[in-house]
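Enquirer: PDB, C-alpha atoms, saved as final-v8.pdb, coming up:
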ATOM      1  CA  MET B1098     -11.070   4.023  25.605  1.00  0.00           C
ATOM      2  CA  LYS B1099      -9.057   6.400  23.434  1.00  0.00           C
ATOM      3  CA  SER B1100      -8.607   5.864  19.717  1.00  0.00           C
ATOM      4  CA  PRO B1101      -5.464   3.864  18.888  1.00  0.00           C
ATOM      5  CA  ILE B1102      -4.904   5.940  15.732  1.00  0.00           C
ATOM      6  CA  ARG B1103      -4.678   9.679  15.966  1.00  0.00           C
ATOM      7  CA  LYS B1104      -4.052  12.612  13.675  1.00  0.00           C
ATOM      8  CA  ALA B1105      -0.580  13.958  14.383  1.00  0.00           C
ATOM      9  CA  VAL B1106      -0.714  17.671  15.295  1.00  0.00           C
ATOM     10  CA  PRO B1107       2.699  19.125  16.317  1.00  0.00           C
ATOM     11  CA  GLY B1108       2.585  20.963  19.594  1.00  0.00           C
ATOM     12  CA  LYS B1109      -0.881  19.820  20.467  1.00  0.00           C
ATOM     13  CA  ASP B1110      -2.510  16.782  21.917  1.00  0.00           C
ATOM     14  CA  ALA B1111      -2.949  14.512  18.879  1.00  0.00           C
ATOM     15  CA  GLU B1112      -6.210  13.100  20.157  1.00  0.00           C
ATOM     16  CA  ALA B1113      -9.069  14.692  18.247  1.00  0.00           C
ATOM     17  CA  LYS B1114     -12.569  14.930  19.588  1.00  0.00           C
ATOM     18  CA  SER B1115     -14.246  11.604  19.153  1.00  0.00           C
ATOM     19  CA  ARG B1116     -17.708  10.166  19.287  1.00  0.00           C
ATOM     20  CA  LYS B1117     -19.128   6.854  20.375  1.00  0.00           C
ATOM     21  CA  ILE B1118     -18.911   3.940  18.004  1.00  0.00           C
ATOM     22  CA  LYS B1119     -20.046   0.410  18.534  1.00  0.00           C
ATOM     23  CA  PRO B1120     -17.532  -2.470  18.295  1.00  0.00           C
ATOM     24  CA  ALA B1121     -18.434  -6.016  17.371  1.00  0.00           C
ATOM     25  CA  SER B1122     -19.076  -6.843  21.024  1.00  0.00           C
ATOM     26  CA  GLY B1123     -21.870  -4.269  21.114  1.00  0.00           C
ATOM     27  CA  ARG B1124     -20.211  -2.336  23.968  1.00  0.00           C
ATOM     28  CA  ALA B1125     -19.971   1.381  23.237  1.00  0.00           C
ATOM     29  CA  VAL B1126     -16.407   2.744  23.333  1.00  0.00           C
ATOM     30  CA  ARG B1127     -14.965   6.128  22.555  1.00  0.00           C
ATOM     31  CA  GLY B1128     -12.660   6.383  19.571  1.00  0.00           C
ATOM     32  CA  ASP B1129     -11.898   8.016  16.270  1.00  0.00           C
ATOM     33  CA  GLN B1130     -14.167   6.535  13.604  1.00  0.00           C
ATOM     34  CA  ARG B1131     -11.130   5.952  11.400  1.00  0.00           C
ATOM     35  CA  GLY B1132      -9.146   4.230  14.160  1.00  0.00           C
ATOM     36  CA  LEU B1133      -8.550   0.517  14.661  1.00  0.00           C
ATOM     37  CA  HIS B1134     -12.061   0.257  16.136  1.00  0.00           C
ATOM     38  CA  ALA B1135     -13.435   1.123  12.701  1.00  0.00           C
ATOM     39  CA  VAL B1136     -10.929  -1.074  10.844  1.00  0.00           C
ATOM     40  CA  GLY B1137     -11.696  -4.028  13.092  1.00  0.00           C
ATOM     41  CA  ARG B1138      -9.537  -7.076  13.636  1.00  0.00           C
ATOM     42  CA  ALA B1139      -6.927  -7.789  10.976  1.00  0.00           C
ATOM     43  CA  SER B1140      -8.641 -10.078   8.469  1.00  0.00           C
ATOM     44  CA  THR B1141      -5.416 -11.617   7.194  1.00  0.00           C
ATOM     45  CA  HIS B1142      -3.405 -14.390   8.842  1.00  0.00           C
ATOM     46  CA  GLN B1143       0.238 -15.311   8.983  1.00  0.00           C
ATOM     47  CA  ARG B1144       1.208 -17.427   5.984  1.00  0.00           C
ATOM     48  CA  ARG B1145       3.096 -20.687   6.236  1.00  0.00           C
ATOM     49  CA  GLY B1146       6.822 -19.943   6.608  1.00  0.00           C
ATOM     50  CA  GLU B1147       6.209 -16.205   6.974  1.00  0.00           C
ATOM     51  CA  SER B1148       8.026 -14.446   9.819  1.00  0.00           C
ATOM     52  CA  LEU B1149       6.046 -12.233  12.178  1.00  0.00           C
ATOM     53  CA  GLY B1150       7.946  -9.220  10.869  1.00  0.00           C
ATOM     54  CA  ASP B1151       6.967 -10.028   7.286  1.00  0.00           C
ATOM     55  CA  PHE B1152       3.387 -10.667   8.380  1.00  0.00           C
ATOM     56  CA  ALA B1153       3.159  -7.295  10.128  1.00  0.00           C
ATOM     57  CA  TYR B1154       4.769  -5.551   7.154  1.00  0.00           C
ATOM     58  CA  ARG B1155       2.470  -7.194   4.580  1.00  0.00           C
ATOM     59  CA  THR B1156      -0.707  -6.556   6.573  1.00  0.00           C
ATOM     60  CA  MET B1157       0.091  -2.935   7.332  1.00  0.00           C
ATOM     61  CA  ARG B1158       1.160  -2.221   3.754  1.00  0.00           C
ATOM     62  CA  GLU B1159      -2.139  -3.548   2.422  1.00  0.00           C
ATOM     63  CA  ALA B1160      -4.061  -1.569   5.062  1.00  0.00           C
ATOM     64  CA  ILE B1161      -2.307   1.598   3.905  1.00  0.00           C
ATOM     65  CA  ARG B1162      -2.784   0.856   0.210  1.00  0.00           C
ATOM     66  CA  SER B1163      -6.455   0.003   0.593  1.00  0.00           C
ATOM     67  CA  GLY B1164      -7.145   3.207   2.531  1.00  0.00           C
ATOM     68  CA  LYS B1165      -7.959   1.539   5.847  1.00  0.00           C
ATOM     69  CA  PHE B1166      -5.155   3.666   7.290  1.00  0.00           C
ATOM     70  CA  ARG B1167      -5.441   7.153   5.824  1.00  0.00           C
ATOM     71  CA  SER B1168      -2.838   9.816   5.123  1.00  0.00           C
ATOM     72  CA  GLY B1169      -1.860  11.663   8.278  1.00  0.00           C
ATOM     73  CA  GLU B1170      -3.120   8.993  10.666  1.00  0.00           C
ATOM     74  CA  HIS B1171      -0.925   8.253  13.648  1.00  0.00           C
ATOM     75  CA  LEU B1172       0.025   4.613  14.333  1.00  0.00           C
ATOM     76  CA  ARG B1173       1.522   3.333  17.578  1.00  0.00           C
ATOM     77  CA  GLU B1174       3.454   0.104  18.076  1.00  0.00           C
ATOM     78  CA  ALA B1175       1.388  -1.099  21.004  1.00  0.00           C
ATOM     79  CA  ASP B1176      -1.912  -0.640  19.207  1.00  0.00           C
ATOM     80  CA  ILE B1177      -0.784  -2.292  15.967  1.00  0.00           C
ATOM     81  CA  ALA B1178       0.650  -5.192  17.988  1.00  0.00           C
ATOM     82  CA  LYS B1179      -2.713  -5.632  19.715  1.00  0.00           C
ATOM     83  CA  TRP B1180      -4.546  -5.359  16.375  1.00  0.00           C
ATOM     84  CA  LEU B1181      -2.391  -8.125  14.861  1.00  0.00           C
ATOM     85  CA  ASN B1182      -2.194 -10.113  18.117  1.00  0.00           C
ATOM     86  CA  ILE B1183       1.615 -10.191  18.038  1.00  0.00           C
ATOM     87  CA  SER B1184       4.450  -8.646  20.066  1.00  0.00           C
ATOM     88  CA  ARG B1185       5.793  -5.144  19.464  1.00  0.00           C
ATOM     89  CA  THR B1186       9.176  -6.281  18.074  1.00  0.00           C
ATOM     90  CA  PRO B1187       7.909  -7.425  14.630  1.00  0.00           C
ATOM     91  CA  VAL B1188       5.682  -4.337  14.470  1.00  0.00           C
ATOM     92  CA  ARG B1189       8.756  -2.160  15.055  1.00  0.00           C
ATOM     93  CA  GLU B1190      10.539  -4.036  12.266  1.00  0.00           C
ATOM     94  CA  ALA B1191       7.572  -3.441   9.942  1.00  0.00           C
ATOM     95  CA  PHE B1192       7.513   0.260  10.860  1.00  0.00           C
ATOM     96  CA  HIS B1193      11.189   0.607   9.870  1.00  0.00           C
ATOM     97  CA  ARG B1194      10.587  -1.076   6.498  1.00  0.00           C
ATOM     98  CA  LEU B1195       7.532   1.019   5.708  1.00  0.00           C
ATOM     99  CA  VAL B1196       9.349   4.215   6.701  1.00  0.00           C
ATOM    100  CA  SER B1197      12.238   3.293   4.379  1.00  0.00           C
ATOM    101  CA  GLU B1198       9.711   2.800   1.555  1.00  0.00           C
ATOM    102  CA  GLY B1199       8.057   6.139   2.193  1.00  0.00           C
ATOM    103  CA  LEU B1200       4.658   4.794   3.268  1.00  0.00           C
ATOM    104  CA  LEU B1201       5.158   5.910   6.882  1.00  0.00           C
ATOM    105  CA  THR B1202       7.031   8.859   8.354  1.00  0.00           C
ATOM    106  CA  ASN B1203       8.717   9.354  11.706  1.00  0.00           C
ATOM    107  CA  GLY B1204       8.047  12.379  13.868  1.00  0.00           C
ATOM    108  CA  PRO B1205       8.508  13.855  17.342  1.00  0.00           C
ATOM    109  CA  TRP B1206       5.433  11.987  18.560  1.00  0.00           C
ATOM    110  CA  ASN B1207       5.203   8.449  19.891  1.00  0.00           C
ATOM    111  CA  GLY B1208       4.823   6.222  16.831  1.00  0.00           C
ATOM    112  CA  VAL B1209       4.674   6.889  13.092  1.00  0.00           C
ATOM    113  CA  MET B1210       2.310   8.613  10.681  1.00  0.00           C
ATOM    114  CA  VAL B1211       0.910   7.450   7.355  1.00  0.00           C
ATOM    115  CA  ALA B1212       2.726   9.513   4.710  1.00  0.00           C
ATOM    116  CA  ASP B1213       0.959  12.557   3.329  1.00  0.00           C
ATOM    117  CA  LEU B1214       2.697  13.620   0.097  1.00  0.00           C
ATOM    118  CA  ASP B1215       2.354  17.135  -1.291  1.00  0.00           C
ATOM    119  CA  ALA B1216       1.790  17.973  -4.963  1.00  0.00           C
ATOM    120  CA  GLN B1217       5.447  18.688  -5.727  1.00  0.00           C
ATOM    121  CA  GLN B1218       6.579  15.375  -4.239  1.00  0.00           C
ATOM    122  CA  LEU B1219       3.980  13.504  -6.300  1.00  0.00           C
ATOM    123  CA  VAL B1220       5.060  15.202  -9.534  1.00  0.00           C
ATOM    124  CA  GLN B1221       8.700  14.334  -8.875  1.00  0.00           C
ATOM    125  CA  LEU B1222       7.949  10.740  -7.949  1.00  0.00           C
ATOM    126  CA  TYR B1223       5.758  10.188 -10.994  1.00  0.00           C
ATOM    127  CA  ALA B1224       8.474  11.593 -13.288  1.00  0.00           C
ATOM    128  CA  VAL B1225      10.990   9.073 -11.970  1.00  0.00           C
ATOM    129  CA  ARG B1226       8.404   6.310 -11.981  1.00  0.00           C
ATOM    130  CA  ALA B1227       7.620   6.918 -15.668  1.00  0.00           C
ATOM    131  CA  ALA B1228      11.278   6.504 -16.597  1.00  0.00           C
ATOM    132  CA  LEU B1229      11.792   3.371 -14.492  1.00  0.00           C
ATOM    133  CA  GLU B1230       8.557   1.688 -15.566  1.00  0.00           C
ATOM    134  CA  GLY B1231       9.329   2.332 -19.211  1.00  0.00           C
ATOM    135  CA  THR B1232      12.586   0.458 -18.729  1.00  0.00           C
ATOM    136  CA  ALA B1233      10.813  -2.310 -16.799  1.00  0.00           C
ATOM    137  CA  ALA B1234       8.246  -2.745 -19.553  1.00  0.00           C
ATOM    138  CA  ALA B1235      10.954  -2.914 -22.228  1.00  0.00           C
ATOM    139  CA  LEU B1236      12.835  -5.568 -20.267  1.00  0.00           C
ATOM    140  CA  ALA B1237       9.610  -7.486 -19.547  1.00  0.00           C
ATOM    141  CA  ALA B1238       8.893  -7.519 -23.289  1.00  0.00           C
ATOM    142  CA  GLN B1239      12.208  -9.338 -23.721  1.00  0.00           C
ATOM    143  CA  HIS B1240      12.317 -11.581 -20.672  1.00  0.00           C
ATOM    144  CA  ALA B1241       8.780 -12.245 -19.346  1.00  0.00           C
ATOM    145  CA  SER B1242       7.729 -15.871 -19.208  1.00  0.00           C
ATOM    146  CA  GLU B1243       4.432 -17.050 -20.658  1.00  0.00           C
ATOM    147  CA  THR B1244       3.174 -17.547 -17.083  1.00  0.00           C
ATOM    148  CA  GLU B1245       3.996 -13.944 -16.197  1.00  0.00           C
ATOM    149  CA  ILE B1246       2.286 -12.659 -19.346  1.00  0.00           C
ATOM    150  CA  GLN B1247      -0.833 -14.689 -18.555  1.00  0.00           C
ATOM    151  CA  ARG B1248      -0.819 -13.288 -15.014  1.00  0.00           C
ATOM    152  CA  LEU B1249      -0.663  -9.711 -16.309  1.00  0.00           C
ATOM    153  CA  PHE B1250      -3.669 -10.224 -18.557  1.00  0.00           C
ATOM    154  CA  GLN B1251      -5.568 -11.982 -15.765  1.00  0.00           C
ATOM    155  CA  ILE B1252      -5.059  -8.974 -13.493  1.00  0.00           C
ATOM    156  CA  ALA B1253      -6.181  -6.614 -16.254  1.00  0.00           C
ATOM    157  CA  ALA B1254      -9.346  -8.676 -16.733  1.00  0.00           C
ATOM    158  CA  SER B1255     -10.004  -8.618 -12.980  1.00  0.00           C
ATOM    159  CA  GLU B1256      -9.669  -4.831 -12.994  1.00  0.00           C
ATOM    160  CA  ALA B1257     -12.333  -4.567 -15.684  1.00  0.00           C
ATOM    161  CA  ARG B1258     -14.734  -6.523 -13.457  1.00  0.00           C
ATOM    162  CA  ALA B1259     -13.901  -4.416 -10.401  1.00  0.00           C
ATOM    163  CA  LYS B1260     -14.255  -0.980 -11.996  1.00  0.00           C
ATOM    164  CA  LYS B1261     -16.954   0.011  -9.467  1.00  0.00           C
ATOM    165  CA  ASN B1262     -14.805  -0.975  -6.481  1.00  0.00           C
ATOM    166  CA  PRO B1263     -12.079   1.685  -5.964  1.00  0.00           C
ATOM    167  CA  GLU B1264     -10.365  -0.119  -3.076  1.00  0.00           C
ATOM    168  CA  ARG B1265     -10.132  -3.307  -5.140  1.00  0.00           C
ATOM    169  CA  LEU B1266      -8.776  -1.318  -8.100  1.00  0.00           C
ATOM    170  CA  VAL B1267      -5.925   0.049  -5.991  1.00  0.00           C
ATOM    171  CA  ILE B1268      -4.866  -3.474  -4.999  1.00  0.00           C
ATOM    172  CA  LEU B1269      -5.201  -4.832  -8.549  1.00  0.00           C
ATOM    173  CA  ASN B1270      -3.233  -1.924  -9.967  1.00  0.00           C
ATOM    174  CA  SER B1271      -0.479  -2.607  -7.462  1.00  0.00           C
ATOM    175  CA  ASP B1272      -0.485  -6.330  -8.335  1.00  0.00           C
ATOM    176  CA  LEU B1273      -0.221  -5.576 -12.036  1.00  0.00           C
ATOM    177  CA  HIS B1274       2.742  -3.276 -11.597  1.00  0.00           C
ATOM    178  CA  GLN B1275       4.529  -5.627  -9.194  1.00  0.00           C
ATOM    179  CA  THR B1276       4.094  -8.474 -11.689  1.00  0.00           C
ATOM    180  CA  LEU B1277       5.441  -6.284 -14.489  1.00  0.00           C
ATOM    181  CA  TYR B1278       8.477  -5.341 -12.410  1.00  0.00           C
ATOM    182  CA  ALA B1279       9.216  -8.976 -11.621  1.00  0.00           C
ATOM    183  CA  ALA B1280       8.830  -9.897 -15.308  1.00  0.00           C
ATOM    184  CA  ALA B1281      11.722  -7.548 -16.142  1.00  0.00           C
ATOM    185  CA  HIS B1282      14.052  -9.974 -14.297  1.00  0.00           C
ATOM    186  CA  ASN B1283      16.440  -7.236 -13.167  1.00  0.00           C
ATOM    187  CA  ARG B1284      16.938  -7.080  -9.410  1.00  0.00           C
ATOM    188  CA  TYR B1285      18.686  -3.683  -9.456  1.00  0.00           C
ATOM    189  CA  LEU B1286      15.840  -2.106 -11.379  1.00  0.00           C
ATOM    190  CA  LEU B1287      13.388  -3.755  -8.981  1.00  0.00           C
ATOM    191  CA  GLN B1288      15.155  -2.235  -5.975  1.00  0.00           C
ATOM    192  CA  SER B1289      15.072   1.225  -7.551  1.00  0.00           C
ATOM    193  CA  ILE B1290      11.423   0.965  -8.524  1.00  0.00           C
ATOM    194  CA  THR B1291      10.438  -0.232  -5.055  1.00  0.00           C
ATOM    195  CA  THR B1292      12.030   2.834  -3.449  1.00  0.00           C
ATOM    196  CA  VAL B1293      10.262   5.230  -5.809  1.00  0.00           C
ATOM    197  CA  VAL B1294       6.905   3.541  -6.332  1.00  0.00           C
ATOM    198  CA  GLN B1295       5.885   2.426  -2.839  1.00  0.00           C
ATOM    199  CA  PRO B1296       4.930   5.951  -1.670  1.00  0.00           C
ATOM    200  CA  LEU B1297       2.688   6.273  -4.733  1.00  0.00           C
ATOM    201  CA  PHE B1298       0.494   3.464  -3.389  1.00  0.00           C
ATOM    202  CA  SER B1299      -0.258   5.434  -0.239  1.00  0.00           C
ATOM    203  CA  PRO B1300      -3.772   6.902   0.187  1.00  0.00           C
ATOM    204  CA  ALA B1301      -2.362  10.357  -0.627  1.00  0.00           C
ATOM    205  CA  ALA B1302      -1.431   9.207  -4.125  1.00  0.00           C
ATOM    206  CA  SER B1303      -3.798   6.346  -4.871  1.00  0.00           C
ATOM    207  CA  ASN B1304      -6.583   8.210  -6.666  1.00  0.00           C
ATOM    208  CA  TRP B1305      -6.669   5.614  -9.411  1.00  0.00           C
ATOM    209  CA  PRO B1306      -9.202   6.005 -12.251  1.00  0.00           C
ATOM    210  CA  THR B1307     -11.939   3.428 -12.520  1.00  0.00           C
ATOM    211  CA  GLY B1308     -11.409   3.059 -16.260  1.00  0.00           C
ATOM    212  CA  ASN B1309      -9.522   0.320 -18.035  1.00  0.00           C
ATOM    213  CA  ILE B1310      -6.247  -0.561 -16.335  1.00  0.00           C
ATOM    214  CA  TYR B1311      -4.409  -0.227 -19.629  1.00  0.00           C
ATOM    215  CA  LYS B1312      -4.967   3.515 -19.416  1.00  0.00           C
ATOM    216  CA  SER B1313      -3.013   3.688 -16.173  1.00  0.00           C
ATOM    217  CA  SER B1314      -0.359   1.283 -17.430  1.00  0.00           C
ATOM    218  CA  PRO B1315       0.676   2.287 -20.968  1.00  0.00           C
ATOM    219  CA  PRO B1316       4.075   0.498 -20.794  1.00  0.00           C
ATOM    220  CA  PHE B1317       2.239  -2.767 -20.077  1.00  0.00           C
ATOM    221  CA  ALA B1318      -0.293  -2.138 -22.829  1.00  0.00           C
ATOM    222  CA  ILE B1319       2.467  -1.600 -25.388  1.00  0.00           C
ATOM    223  CA  ALA B1320       5.101  -4.080 -24.259  1.00  0.00           C
ATOM    224  CA  MET B1321       3.028  -7.193 -23.669  1.00  0.00           C
ATOM    225  CA  PRO B1322       1.437  -7.394 -27.135  1.00  0.00           C
ATOM    226  CA  GLN B1323       4.927  -6.921 -28.555  1.00  0.00           C
ATOM    227  CA  LYS B1324       6.163  -9.793 -26.428  1.00  0.00           C
ATOM    228  CA  ARG B1325       3.308 -12.015 -27.554  1.00  0.00           C
ATOM    229  CA  ASN B1326       3.813 -11.120 -31.225  1.00  0.00           C
ATOM    230  CA  GLY B1327       7.612 -11.230 -31.121  1.00  0.00           C
TER     231      GLY B1327
END
Will you turn the file into C-alpha cells for me?

Expert:
Amino acid sequence: MKSPIRKAVPGKDAEAKSRKIKPASGRAVRGDQRGLHAVGRASTHQRRGESLGDFAYRTMREAIRSGKFRSGEHLREADIAKWLNISRTPVREAFHRLVSEGLLTNGPWNGVMVADLDAQQLVQLYAVRAALEGTAAALAAQHASETEIQRLFQIAASEARAKKNPERLVILNSDLHQTLYAAAHNRYLLQSITTVVQPLFSPAASNWPTGNIYKSSPPFAIAMPQKRNG
C-alpha cells in the first residue's frame, strides 16, 4: 500500500522510494516512514459541541505544529479523512483554513503540502510578529484578568519542566502566546496576529530553544510583572 503522505516534486511522481514498516496490526505494508503509517491513528477525539470541520482543523494544526507532519509533506483529503475516520468534506474545510493561515500550501498536485518557508519569509514574518506581539503584551498588561495572568505563569512553569521535550515545548510556546493574545482583549489585533503568527508554528519555523520560555517571550516577561505590580 502506498504512503498516504508524499513529498511534492513538481513534474515527477511524488511517491519516493519507500521501505517496509510494521503497523500496529503487525502486517508489513509499504509506505514512507513519515507518512500516516508512522503517525498512527489520530490520538485526539472530537470534543463535545465541536463540529467535524473544527475537529479536523484542530487535529491537523496540532499535527503540523508538533512535527508529526513535516515541511514539504504532501497531504491528501482521502487519506486525512481515513486517518480521522470522518468524511472528506470537513477535511476540505480544514485544508482551506490551514491554507489561509499559511500552514499548508496549494499546488498543481492532488492535495496540499505542509508549508516550507524560506529564510527571507521567516525574517519578514518575525519582524511583523515582533511589532504585533509588543502591542499585544502592552494591551495584556492593561486588560488581562487575574485568571489569564495565572494561566500564563502556569504555562511558563510547565515549559521549565518540559525543557528536554522539544515537541512539548513547541505546543507550550504556542499556548503561551495564544493566551497572551487573548489577554489583550482586542479582536482586530488577534485577527492580525493569527494571520502572521500561524506559519511560524509550522515545522519549518518551530526550532524553539529549550531554555526558559521567558527568553522566547520577552513581551510576556516584561508586561506581566508590570500588570501584577500595577

Enquirer: Using only C-alpha atoms and a cutoff of 12 Å, can you tell me which residues are near (4.2, -16.1, -12.7) in the file's coordinates, and write them out as a CSV table (one decimal) with C-alpha atoms, keeping the file's coordinate frame?

Expert:
chain,number,residue,atom,x,y,z
B,1241,ALA,CA,8.8,-12.2,-19.3
B,1242,SER,CA,7.7,-15.9,-19.2
B,1243,GLU,CA,4.4,-17.0,-20.7
B,1244,THR,CA,3.2,-17.5,-17.1
B,1245,GLU,CA,4.0,-13.9,-16.2
B,1246,ILE,CA,2.3,-12.7,-19.3
B,1247,GLN,CA,-0.8,-14.7,-18.6
B,1248,ARG,CA,-0.8,-13.3,-15.0
B,1249,LEU,CA,-0.7,-9.7,-16.3
B,1250,PHE,CA,-3.7,-10.2,-18.6
B,1251,GLN,CA,-5.6,-12.0,-15.8
B,1252,ILE,CA,-5.1,-9.0,-13.5
B,1272,ASP,CA,-0.5,-6.3,-8.3
B,1273,LEU,CA,-0.2,-5.6,-12.0
B,1275,GLN,CA,4.5,-5.6,-9.2
B,1276,THR,CA,4.1,-8.5,-11.7
B,1277,LEU,CA,5.4,-6.3,-14.5
B,1278,TYR,CA,8.5,-5.3,-12.4
B,1279,ALA,CA,9.2,-9.0,-11.6
B,1280,ALA,CA,8.8,-9.9,-15.3
B,1281,ALA,CA,11.7,-7.5,-16.1
B,1282,HIS,CA,14.1,-10.0,-14.3

Enquirer: Find the distance between CA of Leu1297 in chain B and CA of Ala1253 in chain B and write it in Å to one decimal.

Expert: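 The value is 19.4 Å.
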
Enquirer: How close does each residue of range 1171-1258 of chain B get to range 1158-1162 of chain B, giving the shortest atom pair and distance in Å to one decimal for every residue with an atom at most 10 Å away, counting only C-alpha atoms, sorted by chain and residue number, as JSON lines?

Expert:
{"residue": "B:Ala1191", "atom": "CA", "partner": "B:Arg1158", "partner_atom": "CA", "distance": 9.0}
{"residue": "B:Phe1192", "atom": "CA", "partner": "B:Arg1158", "partner_atom": "CA", "distance": 9.8}
{"residue": "B:Arg1194", "atom": "CA", "partner": "B:Arg1158", "partner_atom": "CA", "distance": 9.9}
{"residue": "B:Leu1195", "atom": "CA", "partner": "B:Arg1158", "partner_atom": "CA", "distance": 7.4}
{"residue": "B:Leu1200", "atom": "CA", "partner": "B:Ile1161", "partner_atom": "CA", "distance": 7.7}
{"residue": "B:Leu1201", "atom": "CA", "partner": "B:Ile1161", "partner_atom": "CA", "distance": 9.1}
{"residue": "B:Val1211", "atom": "CA", "partner": "B:Ile1161", "partner_atom": "CA", "distance": 7.5}
{"residue": "B:Ala1212", "atom": "CA", "partner": "B:Ile1161", "partner_atom": "CA", "distance": 9.4}

Enquirer: Applying the PyMOL selection byres ((chain B and resi 1229) around 12) to the file I just gave you, which residues come out? Please list them as an NGL selection string.

Expert: :B and (1222-1228 or 1230-1236 or 1274 or 1277-1278 or 1281 or 1283 or 1285-1294 or 1316)

Enquirer: When you draw a straight line from CA of Ser1271 in chain B to CA of Pro1187 in chain B, how long is it in Å?

Expert: 24.1 Å

Enquirer: Could you tell me how far CA of Arg1173 in chain B sits from CA of Thr1186 in chain B, in Å to one decimal place?

Expert: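 Straight-line distance from CA of Thr1186 in chain B to CA of Arg1173 in chain B works out to 12.3 Å.
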
Enquirer: Using all atoms listed in the file, pick whichever of B:Gln1239, B:Ser1255, B:Gln1221, B:Ser1168 has the shortest atom-to-atom distance to Asn1270 in chain B.

Expert: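 Of the candidates, the smallest distance to Asn1270 in chain B is held by B:Ser1255.
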
Enquirer: Taking the file as shown, find all residues satisfying the PyMOL selection byres ((chain B and resi 1213) around 10) and write them as a PyMOL selection string.

Expert: chain B and resi 1167-1170+1199-1202+1210-1212+1214-1216+1218+1296+1299-1302

Enquirer: Since fewer atoms than expected are present, regenerate N, CA and C atoms for range 1274-1291 of chain B and write them as an mmCIF file, keeping the file's coordinate frame.

Expert:
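The resulting file, part00.cif, is reproduced below:
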data_model
loop_
_atom_site.group_PDB
_atom_site.id
_atom_site.type_symbol
_atom_site.label_atom_id
_atom_site.label_comp_id
_atom_site.auth_asym_id
_atom_site.auth_seq_id
_atom_site.Cartn_x
_atom_site.Cartn_y
_atom_site.Cartn_z
ATOM 1 N N HIS B 1274 1.427 -3.897 -11.501
ATOM 2 C CA HIS B 1274 2.742 -3.276 -11.597
ATOM 3 C C HIS B 1274 3.829 -4.148 -10.975
ATOM 4 N N GLN B 1275 3.540 -4.763 -9.818
ATOM 5 C CA GLN B 1275 4.529 -5.627 -9.194
ATOM 6 C C GLN B 1275 4.866 -6.815 -10.091
ATOM 7 N N THR B 1276 3.857 -7.360 -10.771
ATOM 8 C CA THR B 1276 4.094 -8.474 -11.689
ATOM 9 C C THR B 1276 4.937 -8.022 -12.875
ATOM 10 N N LEU B 1277 4.661 -6.828 -13.375
ATOM 11 C CA LEU B 1277 5.441 -6.284 -14.489
ATOM 12 C C LEU B 1277 6.892 -6.072 -14.082
ATOM 13 N N TYR B 1278 7.106 -5.557 -12.877
ATOM 14 C CA TYR B 1278 8.477 -5.341 -12.410
ATOM 15 C C TYR B 1278 9.233 -6.670 -12.328
ATOM 16 N N ALA B 1279 8.572 -7.663 -11.763
ATOM 17 C CA ALA B 1279 9.216 -8.976 -11.621
ATOM 18 C C ALA B 1279 9.527 -9.581 -12.987
ATOM 19 N N ALA B 1280 8.652 -9.331 -13.967
ATOM 20 C CA ALA B 1280 8.830 -9.897 -15.308
ATOM 21 C C ALA B 1280 10.027 -9.291 -16.026
ATOM 22 N N ALA B 1281 10.535 -8.155 -15.550
ATOM 23 C CA ALA B 1281 11.722 -7.548 -16.142
ATOM 24 C C ALA B 1281 12.970 -8.356 -15.825
ATOM 25 N N HIS B 1282 12.934 -9.113 -14.707
ATOM 26 C CA HIS B 1282 14.052 -9.974 -14.297
ATOM 27 C C HIS B 1282 15.355 -9.189 -14.167
ATOM 28 N N ASN B 1283 15.259 -8.061 -13.445
ATOM 29 C CA ASN B 1283 16.440 -7.236 -13.167
ATOM 30 C C ASN B 1283 16.334 -6.750 -11.736
ATOM 31 N N ARG B 1284 17.100 -7.359 -10.839
ATOM 32 C CA ARG B 1284 16.938 -7.080 -9.410
ATOM 33 C C ARG B 1284 17.317 -5.645 -9.042
ATOM 34 N N TYR B 1285 18.279 -5.053 -9.773
ATOM 35 C CA TYR B 1285 18.686 -3.683 -9.456
ATOM 36 C C TYR B 1285 17.595 -2.689 -9.855
ATOM 37 N N LEU B 1286 16.973 -2.935 -10.973
ATOM 38 C CA LEU B 1286 15.840 -2.106 -11.379
ATOM 39 C C LEU B 1286 14.699 -2.269 -10.391
ATOM 40 N N LEU B 1287 14.461 -3.492 -9.937
ATOM 41 C CA LEU B 1287 13.388 -3.755 -8.981
ATOM 42 C C LEU B 1287 13.606 -2.991 -7.682
ATOM 43 N N GLN B 1288 14.849 -2.961 -7.204
ATOM 44 C CA GLN B 1288 15.155 -2.235 -5.975
ATOM 45 C C GLN B 1288 14.889 -0.738 -6.147
ATOM 46 N N SER B 1289 15.282 -0.204 -7.293
ATOM 47 C CA SER B 1289 15.072 1.225 -7.551
ATOM 48 C C SER B 1289 13.593 1.559 -7.654
ATOM 49 N N ILE B 1290 12.863 0.726 -8.359
ATOM 50 C CA ILE B 1290 11.423 0.965 -8.524
ATOM 51 C C ILE B 1290 10.708 0.885 -7.187
ATOM 52 N N THR B 1291 11.084 -0.078 -6.365
ATOM 53 C CA THR B 1291 10.438 -0.232 -5.055
ATOM 54 C C THR B 1291 10.574 1.027 -4.221
#
